[in-house]
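Just entry_7.cif here, mmCIF, C-alpha atoms:
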```cif
data_input
loop_
_atom_site.label_atom_id
_atom_site.label_comp_id
_atom_site.auth_asym_id
_atom_site.auth_seq_id
_atom_site.Cartn_x
_atom_site.Cartn_y
_atom_site.Cartn_z
CA MET A 81 -89.25 -38.19 -83.52
CA LYS A 82 -92.92 -39.07 -83.78
CA GLU A 83 -95.14 -38.24 -86.69
CA LEU A 84 -98.85 -38.07 -87.42
CA LYS A 85 -100.43 -37.26 -90.77
CA THR A 86 -104.04 -36.26 -90.86
CA GLU A 87 -106.66 -34.22 -92.67
CA PRO A 88 -106.82 -30.67 -91.28
CA LYS A 89 -110.39 -30.81 -89.99
CA ILE A 90 -111.83 -29.46 -86.76
CA GLU A 91 -113.01 -32.93 -85.73
CA ASN A 92 -109.40 -34.18 -85.90
CA MET A 93 -107.98 -31.49 -83.63
CA GLU A 94 -108.56 -33.36 -80.42
CA ALA A 95 -106.80 -36.45 -81.76
CA VAL A 96 -103.83 -34.32 -82.84
CA SER A 97 -103.73 -32.67 -79.42
CA ASP A 98 -103.76 -36.10 -77.73
CA PHE A 99 -100.99 -37.30 -80.05
CA VAL A 100 -98.77 -34.29 -79.27
CA GLU A 101 -99.45 -34.57 -75.54
CA SER A 102 -98.61 -38.27 -75.33
CA SER A 103 -95.55 -37.90 -77.60
CA LEU A 104 -94.11 -35.11 -75.44
CA GLN A 105 -94.88 -37.04 -72.26
CA GLU A 106 -93.10 -40.12 -73.62
CA ASP A 107 -90.10 -37.87 -74.27
CA ASN A 108 -90.25 -36.70 -70.62
CA CYS A 109 -91.16 -33.14 -71.52
CA PRO A 110 -91.98 -31.09 -68.36
CA VAL A 111 -95.74 -30.64 -67.73
CA ARG A 112 -95.58 -26.86 -68.03
CA ALA A 113 -93.90 -27.08 -71.43
CA VAL A 114 -96.45 -29.67 -72.59
CA MET A 115 -99.28 -27.27 -71.71
CA LYS A 116 -97.59 -24.41 -73.58
CA PHE A 117 -97.19 -26.63 -76.64
CA LEU A 118 -100.85 -27.67 -76.50
CA VAL A 119 -102.03 -24.05 -76.39
CA ALA A 120 -99.67 -23.14 -79.25
CA LEU A 121 -100.78 -26.18 -81.25
CA ASP A 122 -104.44 -25.24 -80.86
CA GLU A 123 -103.74 -21.76 -82.27
CA MET A 124 -101.61 -22.83 -85.18
CA LEU A 125 -103.54 -25.94 -86.17
CA ASN A 126 -106.76 -23.93 -86.06
CA ASN A 127 -105.24 -21.54 -88.62
CA VAL A 128 -104.42 -24.47 -90.89
CA VAL A 129 -107.89 -25.98 -90.42
CA SER A 130 -109.75 -22.71 -90.98
CA TYR A 131 -107.81 -20.87 -93.68
CA SER A 132 -105.19 -22.95 -95.46
CA HIS A 133 -107.34 -25.17 -97.75
CA ALA A 134 -104.68 -27.84 -97.10
CA HIS A 135 -105.44 -31.50 -97.84
CA GLU A 136 -103.01 -32.88 -95.35
CA VAL A 137 -101.12 -31.72 -92.29
CA ASP A 138 -98.08 -33.47 -90.96
CA ILE A 139 -97.36 -33.15 -87.23
CA LEU A 140 -93.85 -33.92 -86.01
CA VAL A 141 -92.90 -34.04 -82.35
CA GLY A 142 -89.45 -34.59 -80.92
CA ARG A 143 -86.58 -33.44 -78.78
CA ASP A 144 -82.96 -32.56 -79.14
CA GLY A 145 -81.44 -32.62 -75.69
CA LYS A 146 -83.41 -30.14 -73.60
CA ARG A 147 -84.98 -28.55 -76.67
CA TYR A 148 -88.42 -29.86 -77.55
CA TYR A 149 -90.19 -29.10 -80.80
CA VAL A 150 -93.56 -29.46 -82.52
CA ARG A 151 -93.56 -28.98 -86.28
CA LEU A 152 -96.59 -28.51 -88.52
CA GLU A 153 -96.27 -29.00 -92.26
CA ASP A 154 -99.28 -28.43 -94.50
CA ASP A 155 -99.81 -28.36 -98.25
CA GLY A 156 -102.16 -25.35 -98.13
CA SER A 157 -101.89 -21.77 -99.39
CA PRO A 158 -98.74 -19.91 -98.37
CA PHE A 159 -99.23 -18.30 -94.95
CA ASP A 160 -96.49 -16.88 -92.78
CA PRO A 161 -97.97 -16.45 -89.29
CA LEU A 162 -94.86 -14.57 -88.19
CA ALA A 163 -95.53 -11.81 -90.75
CA GLN A 164 -98.84 -10.86 -89.12
CA PRO A 165 -99.11 -7.54 -87.24
CA GLU A 166 -99.11 -7.70 -83.44
CA PRO A 167 -102.39 -6.89 -81.68
CA ASP A 168 -102.74 -3.89 -79.34
CA ILE A 169 -102.99 -5.62 -75.98
CA SER A 170 -103.23 -2.37 -74.02
CA LEU A 171 -106.82 -1.56 -75.03
CA ALA A 172 -109.78 -1.74 -72.61
CA ALA A 173 -112.24 -4.63 -72.91
CA GLU A 174 -114.79 -2.59 -74.87
CA ASP A 175 -112.22 -1.73 -77.52
CA ARG A 176 -110.53 -5.10 -77.71
CA GLY A 177 -110.84 -7.58 -80.50
CA VAL A 178 -109.15 -10.94 -80.51
CA GLY A 179 -107.66 -10.84 -84.00
CA GLY A 180 -104.03 -11.90 -84.10
CA LEU A 181 -104.03 -12.80 -80.43
CA GLY A 182 -103.42 -16.49 -80.97
CA ILE A 183 -100.28 -16.03 -83.03
CA TYR A 184 -99.04 -13.37 -80.63
CA MET A 185 -99.49 -15.77 -77.69
CA VAL A 186 -97.57 -18.48 -79.48
CA ARG A 187 -94.65 -16.15 -80.23
CA LYS A 188 -94.53 -15.02 -76.61
CA SER A 189 -94.80 -18.47 -75.06
CA MET A 190 -92.30 -20.36 -77.26
CA SER A 191 -88.51 -20.05 -77.16
CA ARG A 192 -88.41 -19.94 -80.96
CA VAL A 193 -90.93 -20.06 -83.80
CA THR A 194 -89.74 -20.36 -87.37
CA TYR A 195 -91.62 -20.45 -90.66
CA LEU A 196 -90.46 -21.74 -94.01
CA ARG A 197 -92.26 -22.14 -97.33
CA GLU A 198 -90.62 -25.08 -99.06
CA ASP A 199 -91.65 -27.73 -101.60
CA GLY A 200 -95.15 -26.24 -101.78
CA LYS A 201 -95.59 -26.57 -98.03
CA ASN A 202 -95.91 -24.29 -95.03
CA LYS A 203 -93.41 -25.50 -92.45
CA LEU A 204 -93.85 -24.12 -88.99
CA CYS A 205 -91.54 -25.11 -86.17
CA MET A 206 -92.27 -24.26 -82.54
CA GLU A 207 -89.48 -24.86 -80.03
CA LEU A 208 -89.14 -24.72 -76.27
CA ASP A 209 -85.93 -24.88 -74.28
CA THR A 210 -86.56 -26.57 -70.95
CA MET B 286 -114.29 -29.89 -70.96
CA THR B 287 -116.77 -29.81 -68.08
CA ILE B 288 -119.14 -26.97 -67.20
CA GLN B 289 -120.88 -26.81 -63.85
CA ASP B 290 -123.24 -24.04 -62.73
CA ASP B 291 -123.87 -23.07 -59.13
CA ARG B 292 -126.69 -20.52 -59.01
CA ASN B 293 -127.80 -18.52 -56.01
CA GLY B 294 -130.34 -15.82 -56.83
CA SER B 295 -128.64 -13.40 -59.22
CA SER B 296 -125.19 -14.87 -58.44
CA LEU B 297 -123.75 -17.54 -60.68
CA THR B 298 -120.53 -19.53 -60.34
CA VAL B 299 -119.48 -21.35 -63.49
CA LYS B 300 -116.87 -24.01 -62.89
CA VAL B 301 -114.99 -24.90 -66.06
CA GLY B 302 -112.70 -27.94 -66.14
CA GLY B 303 -110.38 -29.49 -68.73
CA ARG B 304 -109.29 -27.67 -71.86
CA LEU B 305 -110.83 -24.47 -73.12
CA ASP B 306 -109.70 -24.43 -76.74
CA THR B 307 -110.93 -24.33 -80.34
CA THR B 308 -112.82 -27.60 -79.93
CA THR B 309 -114.57 -26.80 -76.65
CA ALA B 310 -114.95 -22.98 -76.56
CA PRO B 311 -118.13 -22.94 -78.70
CA GLU B 312 -119.85 -25.15 -76.12
CA LEU B 313 -119.07 -22.70 -73.29
CA ASP B 314 -120.17 -19.81 -75.50
CA THR B 315 -123.54 -21.48 -76.16
CA HIS B 316 -123.95 -22.37 -72.50
CA LEU B 317 -123.28 -18.80 -71.31
CA ALA B 318 -125.61 -17.23 -73.88
CA SER B 319 -128.63 -18.43 -71.87
CA ALA B 320 -127.05 -19.03 -68.44
CA LEU B 321 -126.17 -15.35 -67.96
CA ASP B 322 -129.73 -14.07 -68.27
CA GLY B 323 -130.51 -12.12 -65.10
CA VAL B 324 -127.07 -12.72 -63.57
CA LYS B 325 -125.52 -9.79 -61.71
CA ASP B 326 -122.51 -11.44 -60.08
CA LEU B 327 -120.63 -13.92 -62.22
CA VAL B 328 -117.69 -15.99 -60.98
CA PHE B 329 -115.61 -18.28 -63.17
CA ASP B 330 -114.01 -20.98 -61.07
CA PHE B 331 -111.01 -22.25 -63.06
CA SER B 332 -109.55 -24.58 -60.43
CA ASP B 333 -109.95 -27.57 -62.77
CA LEU B 334 -109.07 -25.74 -65.98
CA GLU B 335 -105.91 -27.20 -67.57
CA TYR B 336 -105.32 -24.55 -70.20
CA ILE B 337 -106.93 -21.83 -72.30
CA SER B 338 -106.25 -20.88 -75.90
CA SER B 339 -107.32 -17.78 -77.81
CA ALA B 340 -110.67 -19.40 -78.65
CA GLY B 341 -111.30 -19.49 -74.90
CA LEU B 342 -110.09 -15.90 -74.50
CA ARG B 343 -112.59 -14.88 -77.17
CA VAL B 344 -115.43 -16.29 -75.03
CA LEU B 345 -114.10 -14.56 -71.90
CA LEU B 346 -113.81 -11.25 -73.72
CA ALA B 347 -117.39 -11.43 -75.02
CA THR B 348 -118.56 -12.40 -71.52
CA VAL B 349 -116.74 -9.56 -69.74
CA LYS B 350 -118.21 -7.10 -72.24
CA ARG B 351 -121.68 -8.42 -71.50
CA MET B 352 -121.16 -8.45 -67.72
CA ASN B 353 -119.81 -4.88 -67.77
CA LYS B 354 -123.36 -3.93 -68.78
CA GLN B 355 -125.29 -6.11 -66.34
CA GLY B 356 -123.06 -6.64 -63.28
CA THR B 357 -119.64 -7.96 -62.27
CA MET B 358 -117.37 -10.79 -63.35
CA VAL B 359 -114.53 -12.41 -61.39
CA VAL B 360 -112.09 -15.16 -62.38
CA LYS B 361 -110.90 -17.38 -59.54
CA ASN B 362 -108.41 -20.20 -58.98
CA ALA B 363 -106.72 -20.08 -62.40
CA ASN B 364 -103.52 -22.15 -62.53
CA GLU B 365 -100.11 -20.73 -63.48
CA ILE B 366 -100.38 -21.73 -67.16
CA VAL B 367 -103.73 -19.98 -67.52
CA LYS B 368 -102.48 -16.91 -65.63
CA GLU B 369 -99.46 -16.77 -67.90
CA VAL B 370 -101.77 -16.69 -70.94
CA PHE B 371 -103.74 -13.81 -69.31
CA ASP B 372 -100.48 -12.00 -68.64
CA VAL B 373 -99.04 -12.33 -72.13
CA THR B 374 -102.27 -11.25 -73.82
CA GLY B 375 -103.05 -8.28 -71.57
CA PHE B 376 -106.15 -10.06 -70.23
CA MET B 377 -104.80 -9.64 -66.70
CA ASP B 378 -105.76 -5.95 -67.04
CA ILE B 379 -109.19 -6.64 -68.53
CA LEU B 380 -110.31 -9.37 -66.14
CA ASN B 381 -110.70 -9.29 -62.39
CA VAL B 382 -108.43 -12.25 -61.60
CA GLN B 383 -108.41 -13.32 -57.97
#
```
Could you rewrite the structure in this file as structure tokens?
Amino acid sequence: MKELKTEPKIENMEAVSDFVESSLQEDNCPVRAVMKFLVALDEMLNNVVSYSHAHEVDILVGRDGKRYYVRLEDDGSPFDPLAQPEPDISLAAEDRGVGGLGIYMVRKSMSRVTYLREDGKNKLCMELDT
Amino acid sequence: MTIQDDRNGSSLTVKVGGRLDTTTAPELDTHLASALDGVKDLVFDFSDLEYISSAGLRVLLATVKRMNKQGTMVVKNANEIVKEVFDVTGFMDILNVQ
């Protein structure tokens, strides 16, 4: 497992993305799964950066057989992304907003997403079976 | 991310390459704000686009709303990852994806 600790700031997002990409590649994660993880990471890390008021975010990347995972742990305000309402994706362009779309995409594209509030931290685990 | 414009009268092809995500989407948004003036036929060429996140979708949604008023908008050459994002989010029905 590889780990990176950083301050949740927008200017650090690219470095985190590069870290997750190279870590998954070193673990021989299929390209398609890497791309899905990077999209999911962008959504979830952006939530931490924008709303959590966290001082630090811990990014953990690893695999267990054919199951790959990216975990985000932050010391910000409690936020369960899985408890958010799903957006109405059937509306026409004029009536569409983009609220909640990111989290929805992550839930649809990952094999499993779990959230846990523990030790004063938000712990989000995104998993893909390959 | 790279942005390349190919303008021909009131037709504009915008070729976007790399990653369209939280970090890069604002740049595309700013670019389009002025580039779309007077454009009737807009084409997004996504042949070099690696992936798109919801920040990118936000820009596409705002753009399709604007183009619905002033002309047409087509998305071309999106890869399978990008198409899957369109599919999952219902954007396949909103956008003209070719």
- Query: Which distance in Å separates CA of Thr309 (chain B) and CA of Ser339 (chain B), to one decimal?
  - Reply: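 So the two atoms, CA of Thr309 (chain B) and CA of Ser339 (chain B), lie 11.6 Å apart.
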- Protein and nucleic acid residues near (-108.8, -24.2, -87.3) (cut-off 10 Å, all atoms listed in the file) as a list of chain:residue names: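 Checking each residue against the 10 Å limit leaves A:Pro88, A:Lys89, A:Ile90, A:Glu91, A:Met93, A:Asp122, A:Glu123, A:Met124, A:Leu125, A:Asn126, A:Asn127, A:Val128, A:Val129, A:Ser130, A:Tyr131, A:Ser132, B:Thr307, B:Thr308.
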I'd like the residues picked by the PyMOL selection byres ((chain A) within 10 of (chain B)) written out as a compact mmCIF listing (two decimals) with C-alpha atoms, keeping the file's coordinate frame, using the chain letters and numbers from the file.
```txt
# COMPACT_ATOMS: atom_id res chain seq x y z
CA ILE A 90 -111.83 -29.46 -86.76
CA GLU A 91 -113.01 -32.93 -85.73
CA ASN A 92 -109.40 -34.18 -85.90
CA MET A 93 -107.98 -31.49 -83.63
CA GLU A 94 -108.56 -33.36 -80.42
CA ARG A 112 -95.58 -26.86 -68.03
CA ALA A 113 -93.90 -27.08 -71.43
CA MET A 115 -99.28 -27.27 -71.71
CA LYS A 116 -97.59 -24.41 -73.58
CA LEU A 118 -100.85 -27.67 -76.50
CA VAL A 119 -102.03 -24.05 -76.39
CA ALA A 120 -99.67 -23.14 -79.25
CA LEU A 121 -100.78 -26.18 -81.25
CA ASP A 122 -104.44 -25.24 -80.86
CA GLU A 123 -103.74 -21.76 -82.27
CA LEU A 125 -103.54 -25.94 -86.17
CA ASN A 126 -106.76 -23.93 -86.06
CA PRO A 167 -102.39 -6.89 -81.68
CA ASP A 168 -102.74 -3.89 -79.34
CA ILE A 169 -102.99 -5.62 -75.98
CA SER A 170 -103.23 -2.37 -74.02
CA LEU A 171 -106.82 -1.56 -75.03
CA ALA A 172 -109.78 -1.74 -72.61
CA ALA A 173 -112.24 -4.63 -72.91
CA GLU A 174 -114.79 -2.59 -74.87
CA ASP A 175 -112.22 -1.73 -77.52
CA ARG A 176 -110.53 -5.10 -77.71
CA GLY A 177 -110.84 -7.58 -80.50
CA VAL A 178 -109.15 -10.94 -80.51
CA GLY A 179 -107.66 -10.84 -84.00
CA GLY A 180 -104.03 -11.90 -84.10
CA LEU A 181 -104.03 -12.80 -80.43
CA GLY A 182 -103.42 -16.49 -80.97
CA ILE A 183 -100.28 -16.03 -83.03
CA TYR A 184 -99.04 -13.37 -80.63
CA MET A 185 -99.49 -15.77 -77.69
CA VAL A 186 -97.57 -18.48 -79.48
CA ARG A 187 -94.65 -16.15 -80.23
CA LYS A 188 -94.53 -15.02 -76.61
CA SER A 189 -94.80 -18.47 -75.06
```
- Message: Considering only C-alpha atoms, can you say which of B:Ala363, B:Met377, B:Leu297, B:Leu334 comes closest to Ala320 (chain B)?
- Response: B:Leu297
- Straight-line distance linking CA of Tyr148 (chain A) with CA of Thr210 (chain A), stated in Å to one decimal: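 Atom-to-atom, CA of Tyr148 (chain A) and CA of Thr210 (chain A) are spaced 7.6 Å apart.
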- How many Å separate CA of Val193 (chain A) from CA of Ala310 (chain B)?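 These two atoms are separated by 25.3 Å.
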- Task: Can you give me, as a PyMOL selection string, the residues this file yields under the PyMOL selection byres ((chain B and resi 292) around 12)?
- Result: chain B and resi 289-291+293-300+320-328
- Selection dump of the PyMOL selection byres ((chain A and resi 133-146) around 7), as an NGL selection string: :A and (81-88 or 100 or 103 or 131-132 or 147-157 or 209-210)
- Query: If I put a ball of radius 9 Å at (-111.7, -16.7, -59.0) in the file's coordinates, which residues poke into it when counting all atoms listed in the file, written as a PyMOL selection string?
  - Reply: chain B and resi 328-332+359-363+381-383
